[in-house]
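Here is the structure we will look at.
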Amino acid sequence: MMNTAPTEVTRNARPFLHGPEAAAMNDALQAGQYGHSSRVEEFEHAVADYLGVPDMVAVASGTAALQLALLAAGTGPGDEVIVPSQTFCASVHAILATGAHPRFIEINPHTLCIDEDQVRAAITPATRAVLPVLYGGRAVDLSALHDTLKSQGISVVQDAAHAFGSRSGTTLVGAQPGLLTCFSFGPIKNLTCGQGGGIIPRTTAEADALRGLRSLGMTQSQQERAATTTYNVDGFGLRATMSDLNAAVGLVQLQHFATVAAKRKALWTSYARRLKPLTRVALVDIDVEHTVPFNCVVHVPDRDRVFKELRSRGIGVGVHYPPNHTQPAFQAWHRLLPITEESGRHLMSLPFHPAMSDDDVRYVVCVLEHALPQEDACGES
């Protein structure tokens with residue numbers, strides 16, 4: 001075994017650039033329009049075309065996308081939003097920012113996603129929205145609840161921060177009818193803008209409402225406001241527009257997305273093959289046939305010790321994510337969620353980004369094998 005870790009495994013994740021991003025950003029810098037611009041609108045159209053949907057509303061971040069989508073769905077003070085505890089805390093903060101509160105539910109221990117039975121059992125008269133988290137990029141199918149949710153005025157707002165490019169059956173995530181879908185285009189996401197997010201609205205009216213919400217409630221575009229002596233503020237809004245600079249990066253990324261998608265699928269498949277002999281390591285299933293994987297997550301015994309051992313060997317493991325219902329900030333909405341808590345004690349993310357090679361994967365798995373409490377066969381196939 002090598003004495004030092006290969007460079008690509010020292011971080012859990014990193015941005016993957018194709019090369020033209022620097023020139024694209026330089027062009028945007030030289031143009032001198034760093035706020036919302038025609039380039040942002042070009043990016044919106046390009047993403048919508050990729051997904052085969054009428055519209056995409058670009059915003060400043062994935063968290064902003066969730067907050068604005070929940071507001072557009074009518075979520076407000078006194079409402080409940082059903083959400084798994086197993087998610088990044090941003091999902092919960094987006095709910096609280098609307099004045100609503102979370103109702104945490106269990107996950108499927110094999111996928112770390114929610115399913116229809118848990119959602120159905122959690123619905124109360126106060127439920128305004130369901131926020132499924134597409135953990136690791138895996139699509140969540142709640143279609144069996146469509147009639148129930150619609151009859152009670154409950155919206156589905158998908159947290160698809162991990163899932164750009166993934167599919168639900170043959171349909172791209174974001175193109176499923178009747179769902180508000182939120183993407184993150186943050187630094188290490190499948191499609192990065194450096195920073196940013198996007199919302200797939202359900203209707204033209206909802207798209208218009210979202211554009212007002214992201215722009216301090218103003219109805220005119222920046223170009224329209226510059227050409228007149230006044231503007232209208234028609235309602236509540238935030239400053240949550242995407243920058244021209246970020247859109248420039250996103251346009252390049254989208255042109256090369258097929259390359260990244262293929263690399264991510266191949267990397268996850270390599271991990272799955274090499275981890276198979278390690279019988280005490282359980283790989284979280286992401287349905288790689290339909291998914292552009294965001295990460296590679298395992299359950300391991302004695303996780304905290306194994307985590308420290310791998311970090312000491314230069315392996316950039318992480319934990320995504322500590323359960324939210326046990327966090328001090330969300331204590332008021334704590335529920336007993338034994339499956340989530342058990343998962344949280346054993347959860348560990350292996351280094352995963354498209355620059356990694358099969359040799360990098362072999363190194364990670366071999367170090368993991370030697371760090372386990374009991375010896376397993378090293379995946380050397």
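In the structure tokens, chains take letters A, B, ... by order of appearance, with residues numbered from 1 within each chain and ligands from 1 in the order shown.
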Find the residues of region 55-150 of chain A that sit at most 8 Å from region 211-226 of chain A; for each, write down the nearest two atoms and how far apart they are in Å, to one decimal. Count only C-alpha atoms. Sort by chain, then by number going up, and give it as CSV.
residue,atom,partner,partner_atom,distance
A:Val57,CA,A:Arg211,CA,6.8
A:Val59,CA,A:Arg214,CA,6.7
A:Leu68,CA,A:Leu213,CA,6.6
Selection export as a PDB file, in the first residue's frame, atoms kept: N, CA, C and O atoms:
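In the end it all went to out-v5.pdb:
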ATOM      1  N   VAL A  57     -36.077  29.351 -12.987  1.00  0.00           N
ATOM      2  CA  VAL A  57     -35.807  30.628 -12.336  1.00  0.00           C
ATOM      3  C   VAL A  57     -34.497  30.502 -11.574  1.00  0.00           C
ATOM      4  O   VAL A  57     -34.402  29.744 -10.599  1.00  0.00           O
ATOM      5  N   VAL A  59     -31.518  31.573  -9.069  1.00  0.00           N
ATOM      6  CA  VAL A  59     -31.433  32.332  -7.819  1.00  0.00           C
ATOM      7  C   VAL A  59     -30.026  32.203  -7.246  1.00  0.00           C
ATOM      8  O   VAL A  59     -29.155  31.548  -7.822  1.00  0.00           O
ATOM      9  N   LEU A  68     -37.704  30.346  -1.436  1.00  0.00           N
ATOM     10  CA  LEU A  68     -38.605  31.021  -2.370  1.00  0.00           C
ATOM     11  C   LEU A  68     -39.653  30.065  -2.908  1.00  0.00           C
ATOM     12  O   LEU A  68     -40.820  30.452  -3.093  1.00  0.00           O
TER      13      LEU A  68
END
**Residue contacts of region 39-49 of chain A (9 Å, only C-alpha atoms) excluding same-chain residues fewer than 4 positions away, as JSON, numbers by chain** = {"A": [28, 35, 53, 54, 55, 56, 57, 58, 198, 200, 242, 243, 244, 245, 246, 247, 248, 250, 251, 254]}
**Asked** Using only C-alpha atoms, which residue out of A:Val119, A:Ala371, A:Ala240, A:Thr326 lies closest to Ser312 (chain A)?
**Response** A:Ala371
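Near Ile123 (chain A), within 12 Å and counting only C-alpha atoms, sit A:Asp79, A:Glu80, A:Val81, A:Ile82, A:Val83, A:Pro102, A:Arg103, A:Phe104, A:Ile105, A:Glu116, A:Asp117, A:Gln118, A:Val119, A:Arg120, A:Ala121, A:Pro125, A:Ala126, A:Thr127, A:Arg128, A:Ala129, A:Val130, A:Leu145, A:Thr148, A:Leu149, A:Gln152, A:Gly153, A:Ile154, A:Ser155; same-chain residues fewer than 2 positions away were not included.
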Please dump the current selection as a tab-separated table (two decimals), in the first residue's frame; keep N, CA and C atoms.
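Written file, selection20.tsv:
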chain	number	residue	atom	x	y	z
A	79	ASP	N	-47.72	26.90	9.52
A	79	ASP	CA	-47.75	25.73	8.65
A	79	ASP	C	-46.67	24.73	9.05
A	80	GLU	N	-46.90	23.48	8.65
A	80	GLU	CA	-45.90	22.43	8.80
A	80	GLU	C	-45.38	22.02	7.43
A	81	VAL	N	-44.11	21.67	7.41
A	81	VAL	CA	-43.50	21.12	6.20
A	81	VAL	C	-42.87	19.78	6.57
A	82	ILE	N	-43.31	18.73	5.93
A	82	ILE	CA	-42.77	17.39	6.18
A	82	ILE	C	-41.41	17.27	5.50
A	83	VAL	N	-40.40	16.86	6.27
A	83	VAL	CA	-39.03	16.83	5.76
A	83	VAL	C	-38.27	15.74	6.50
A	102	PRO	N	-40.67	22.57	10.75
A	102	PRO	CA	-40.50	21.24	10.17
A	102	PRO	C	-41.25	20.17	10.95
A	103	ARG	N	-41.73	19.18	10.24
A	103	ARG	CA	-42.19	17.93	10.87
A	103	ARG	C	-41.26	16.84	10.34
A	104	PHE	N	-40.32	16.45	11.18
A	104	PHE	CA	-39.30	15.50	10.77
A	104	PHE	C	-39.88	14.10	10.65
A	105	ILE	N	-39.44	13.38	9.60
A	105	ILE	CA	-39.89	12.01	9.43
A	105	ILE	C	-38.69	11.09	9.17
A	116	GLU	N	-43.49	7.06	0.58
A	116	GLU	CA	-44.88	7.52	0.69
A	116	GLU	C	-45.52	7.14	2.02
A	117	ASP	N	-45.17	5.99	2.59
A	117	ASP	CA	-45.80	5.57	3.84
A	117	ASP	C	-45.46	6.53	4.98
A	118	GLN	N	-44.20	6.94	5.05
A	118	GLN	CA	-43.80	7.88	6.11
A	118	GLN	C	-44.47	9.24	5.92
A	119	VAL	N	-44.59	9.68	4.67
A	119	VAL	CA	-45.25	10.96	4.40
A	119	VAL	C	-46.72	10.89	4.78
A	120	ARG	N	-47.38	9.84	4.35
A	120	ARG	CA	-48.81	9.69	4.63
A	120	ARG	C	-49.09	9.74	6.13
A	121	ALA	N	-48.26	9.05	6.91
A	121	ALA	CA	-48.46	8.99	8.36
A	121	ALA	C	-48.20	10.32	9.04
A	125	PRO	N	-53.52	18.43	9.77
A	125	PRO	CA	-54.24	19.58	9.20
A	125	PRO	C	-53.35	20.79	8.93
A	126	ALA	N	-52.20	20.88	9.59
A	126	ALA	CA	-51.31	22.03	9.41
A	126	ALA	C	-50.33	21.83	8.26
A	127	THR	N	-50.30	20.65	7.65
A	127	THR	CA	-49.31	20.38	6.60
A	127	THR	C	-49.58	21.23	5.36
A	128	ARG	N	-48.58	22.00	4.96
A	128	ARG	CA	-48.70	22.84	3.76
A	128	ARG	C	-47.84	22.30	2.62
A	129	ALA	N	-46.74	21.63	2.96
A	129	ALA	CA	-45.83	21.14	1.92
A	129	ALA	C	-45.09	19.91	2.40
A	130	VAL	N	-44.65	19.13	1.42
A	130	VAL	CA	-43.73	18.01	1.66
A	130	VAL	C	-42.43	18.35	0.94
A	145	LEU	N	-49.14	9.36	-3.76
A	145	LEU	CA	-49.81	10.30	-2.85
A	145	LEU	C	-50.39	11.50	-3.57
A	148	THR	N	-54.04	12.42	-2.73
A	148	THR	CA	-54.17	12.79	-1.31
A	148	THR	C	-53.62	14.19	-1.07
A	149	LEU	N	-52.44	14.45	-1.58
A	149	LEU	CA	-51.82	15.76	-1.36
A	149	LEU	C	-52.60	16.86	-2.06
A	152	GLN	N	-55.75	18.01	-0.31
A	152	GLN	CA	-55.53	18.77	0.93
A	152	GLN	C	-54.71	20.03	0.72
A	153	GLY	N	-54.46	20.36	-0.55
A	153	GLY	CA	-53.73	21.59	-0.84
A	153	GLY	C	-52.28	21.56	-0.39
A	154	ILE	N	-51.66	20.38	-0.44
A	154	ILE	CA	-50.27	20.21	0.00
A	154	ILE	C	-49.37	20.15	-1.23
A	155	SER	N	-48.38	21.02	-1.28
A	155	SER	CA	-47.44	21.05	-2.40
A	155	SER	C	-46.24	20.16	-2.12
**Request:** Pull the alpha helix (DSSP H) assignments for region 97-302 of chain A out of DSSP run on the backbone, and list those residues as a ChimeraX atom specification.
**Result:** /A:97,116-122,146-151,204-214,222-226,244-255,257-275
**Asked** DSSP on the backbone: what in region 31-195 of chain A comes out strand (DSSP E or B), as number ranges by chain?
**Response** A: 57-59, 80-84, 101-105, 127-130, 133, 155-159, 167-168, 171-172, 180-184
Could you turn the residues from that selection into a file that holds C-alpha atoms, as a PDB file, in the first residue's frame?
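After the write, again36.pdb holds the following:
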ATOM      1  CA  VAL A  57     -35.807  30.628 -12.336  1.00  0.00           C
ATOM      2  CA  ALA A  58     -32.162  31.156 -11.371  1.00  0.00           C
ATOM      3  CA  VAL A  59     -31.433  32.332  -7.819  1.00  0.00           C
ATOM      4  CA  GLU A  80     -45.901  22.434   8.798  1.00  0.00           C
ATOM      5  CA  VAL A  81     -43.504  21.118   6.197  1.00  0.00           C
ATOM      6  CA  ILE A  82     -42.775  17.393   6.177  1.00  0.00           C
ATOM      7  CA  VAL A  83     -39.033  16.830   5.761  1.00  0.00           C
ATOM      8  CA  PRO A  84     -36.536  14.079   6.558  1.00  0.00           C
ATOM      9  CA  HIS A 101     -41.831  24.692  11.062  1.00  0.00           C
ATOM     10  CA  PRO A 102     -40.497  21.242  10.172  1.00  0.00           C
ATOM     11  CA  ARG A 103     -42.190  17.934  10.866  1.00  0.00           C
ATOM     12  CA  PHE A 104     -39.297  15.504  10.771  1.00  0.00           C
ATOM     13  CA  ILE A 105     -39.887  12.006   9.427  1.00  0.00           C
ATOM     14  CA  THR A 127     -49.308  20.383   6.603  1.00  0.00           C
ATOM     15  CA  ARG A 128     -48.702  22.836   3.758  1.00  0.00           C
ATOM     16  CA  ALA A 129     -45.827  21.143   1.921  1.00  0.00           C
ATOM     17  CA  VAL A 130     -43.733  18.011   1.657  1.00  0.00           C
ATOM     18  CA  VAL A 133     -34.666  15.323  -0.214  1.00  0.00           C
ATOM     19  CA  SER A 155     -47.441  21.047  -2.401  1.00  0.00           C
ATOM     20  CA  VAL A 156     -44.378  18.918  -3.094  1.00  0.00           C
ATOM     21  CA  VAL A 157     -41.195  21.007  -3.108  1.00  0.00           C
ATOM     22  CA  GLN A 158     -38.284  18.774  -4.126  1.00  0.00           C
ATOM     23  CA  ASP A 159     -34.892  19.420  -2.560  1.00  0.00           C
ATOM     24  CA  ARG A 167     -34.043  10.605 -13.586  1.00  0.00           C
ATOM     25  CA  SER A 168     -37.273   9.336 -12.118  1.00  0.00           C
ATOM     26  CA  THR A 171     -38.105  11.544 -16.753  1.00  0.00           C
ATOM     27  CA  LEU A 172     -35.391  13.972 -15.706  1.00  0.00           C
ATOM     28  CA  LEU A 180     -41.701  22.467  -7.563  1.00  0.00           C
ATOM     29  CA  THR A 181     -38.076  21.387  -7.932  1.00  0.00           C
ATOM     30  CA  CYS A 182     -35.098  23.167  -6.382  1.00  0.00           C
ATOM     31  CA  PHE A 183     -31.510  22.671  -7.556  1.00  0.00           C
ATOM     32  CA  SER A 184     -28.240  23.789  -6.049  1.00  0.00           C
TER      33      SER A 184
END
**Request:** Compile the contact shell of region 300-307 of chain A as a list of chain:residue names: residues with an atom at most 8 Å away, counting only C-alpha atoms, same-chain residues fewer than 6 positions apart removed.
**Result:** A:Arg280, A:Val281, A:Ala282, A:Val317, A:Gly318, A:Arg345, A:His346, A:Leu347, A:Met348, A:Leu368, A:Ala371, A:Leu372, A:Pro373
Store the residues of this selection in a file with all heavy atoms, as a CSV table (one decimal), in the first residue's frame.
chain,number,residue,atom,x,y,z
A,280,ARG,N,-18.7,-5.9,6.2
A,280,ARG,CA,-19.2,-5.1,7.3
A,280,ARG,C,-19.5,-3.6,6.9
A,280,ARG,O,-19.8,-2.8,7.7
A,280,ARG,CB,-18.2,-5.1,8.4
A,280,ARG,CG,-18.0,-6.6,9.0
A,280,ARG,CD,-17.3,-6.6,10.3
A,280,ARG,NE,-18.2,-6.0,11.3
A,280,ARG,CZ,-17.7,-5.5,12.4
A,280,ARG,NH1,-16.4,-5.4,12.6
A,280,ARG,NH2,-18.6,-5.0,13.3
A,281,VAL,N,-19.3,-3.4,5.6
A,281,VAL,CA,-19.5,-2.0,5.1
A,281,VAL,C,-20.8,-2.1,4.2
A,281,VAL,O,-20.9,-2.9,3.3
A,281,VAL,CB,-18.3,-1.5,4.2
A,281,VAL,CG1,-18.7,-0.2,3.6
A,281,VAL,CG2,-17.1,-1.4,5.1
A,282,ALA,N,-21.8,-1.2,4.5
A,282,ALA,CA,-23.0,-1.2,3.7
A,282,ALA,C,-23.1,0.0,2.9
A,282,ALA,O,-23.1,1.2,3.4
A,282,ALA,CB,-24.2,-1.2,4.7
A,317,VAL,N,-12.7,11.7,4.2
A,317,VAL,CA,-14.0,11.3,4.5
A,317,VAL,C,-14.8,12.4,5.2
A,317,VAL,O,-14.2,13.4,5.7
A,317,VAL,CB,-14.0,10.0,5.4
A,317,VAL,CG1,-13.5,8.8,4.6
A,317,VAL,CG2,-13.1,10.2,6.6
A,318,GLY,N,-16.1,12.3,5.1
A,318,GLY,CA,-17.0,13.3,5.7
A,318,GLY,C,-18.2,12.6,6.3
A,318,GLY,O,-18.4,11.4,6.2
A,345,ARG,N,-25.4,7.3,13.3
A,345,ARG,CA,-24.2,6.9,14.1
A,345,ARG,C,-23.2,6.1,13.2
A,345,ARG,O,-22.0,6.0,13.6
A,345,ARG,CB,-24.7,5.9,15.2
A,345,ARG,CG,-25.3,6.7,16.4
A,345,ARG,CD,-25.5,5.7,17.6
A,345,ARG,NE,-26.7,4.8,17.3
A,345,ARG,CZ,-27.9,5.1,17.7
A,345,ARG,NH1,-28.2,6.3,18.2
A,345,ARG,NH2,-28.9,4.2,17.4
A,346,HIS,N,-23.6,5.7,12.1
A,346,HIS,CA,-22.7,4.8,11.2
A,346,HIS,C,-22.4,5.4,9.9
A,346,HIS,O,-21.6,4.9,9.1
A,346,HIS,CB,-23.3,3.4,11.0
A,346,HIS,CG,-23.6,2.7,12.3
A,346,HIS,ND1,-22.6,2.1,13.0
A,346,HIS,CD2,-24.7,2.5,13.0
A,346,HIS,CE1,-23.1,1.6,14.1
A,346,HIS,NE2,-24.4,1.8,14.1
A,347,LEU,N,-23.0,6.6,9.6
A,347,LEU,CA,-22.9,7.2,8.3
A,347,LEU,C,-21.5,7.8,8.0
A,347,LEU,O,-20.9,8.5,8.9
A,347,LEU,CB,-23.9,8.3,8.2
A,347,LEU,CG,-24.3,8.9,6.9
A,347,LEU,CD1,-25.1,7.9,6.1
A,347,LEU,CD2,-25.2,10.1,7.1
A,348,MET,N,-21.0,7.6,6.8
A,348,MET,CA,-19.7,8.2,6.4
A,348,MET,C,-19.6,8.3,4.9
A,348,MET,O,-20.0,7.4,4.2
A,348,MET,CB,-18.5,7.3,6.9
A,348,MET,CG,-17.2,8.0,6.8
A,348,MET,SD,-15.8,7.1,7.6
A,348,MET,CE,-15.7,5.6,6.6
A,368,LEU,N,-9.7,1.9,4.1
A,368,LEU,CA,-10.9,1.6,4.9
A,368,LEU,C,-10.9,0.2,5.4
A,368,LEU,O,-11.3,0.0,6.6
A,368,LEU,CB,-12.1,1.9,4.0
A,368,LEU,CG,-13.5,1.4,4.5
A,368,LEU,CD1,-13.8,2.2,5.8
A,368,LEU,CD2,-14.6,1.6,3.5
A,371,ALA,N,-8.9,-0.1,8.4
A,371,ALA,CA,-9.3,0.7,9.6
A,371,ALA,C,-10.6,0.0,10.2
A,371,ALA,O,-10.9,0.4,11.4
A,371,ALA,CB,-9.7,2.1,9.1
A,372,LEU,N,-11.2,-0.9,9.6
A,372,LEU,CA,-12.4,-1.5,10.2
A,372,LEU,C,-12.1,-2.3,11.5
A,372,LEU,O,-10.9,-2.8,11.6
A,372,LEU,CB,-13.0,-2.5,9.2
A,372,LEU,CG,-13.7,-1.8,7.9
A,372,LEU,CD1,-14.1,-2.9,6.9
A,372,LEU,CD2,-14.9,-0.9,8.3
A,373,PRO,N,-13.0,-2.4,12.4
A,373,PRO,CA,-12.8,-3.1,13.6
A,373,PRO,C,-12.3,-4.5,13.5
A,373,PRO,O,-11.5,-5.1,14.2
A,373,PRO,CB,-14.1,-3.0,14.4
A,373,PRO,CG,-14.8,-1.9,13.7
A,373,PRO,CD,-14.3,-1.8,12.3
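The shortest atom-to-atom distance to Val365 (chain A), with only C-alpha atoms taken into account, belongs to A:Cys296 out of A:Ala90, A:Cys296, A:Leu142, A:Val319.
Going from CA of Ile199 (chain A) to CA of Ser151 (chain A) covers 23.9 Å.
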**Request:** Please measure the separation of CA of Ala261 (chain A) and CA of Val140 (chain A), giving the value in Å to one decimal.
**Result:** 19.1 Å
**Message:** I want to know what sits within 8 Å of Val361 (chain A), based on only C-alpha atoms, with residues of the same chain fewer than 6 positions away left out; could you give that as an MDAnalysis selection string?
**Reply:** chainID A and resid 267 270:271 274
**Message:** I'd like the neighbourhood of Phe352 (chain A) as a ChimeraX atom specification, where a residue qualifies if any of its atoms comes within 10 Å (using only C-alpha atoms), though same-chain residues fewer than 4 positions away should be ignored.
**Reply:** /A:8-9,11-14,188,264,267-268,271,293-297,316-317,356,360-361
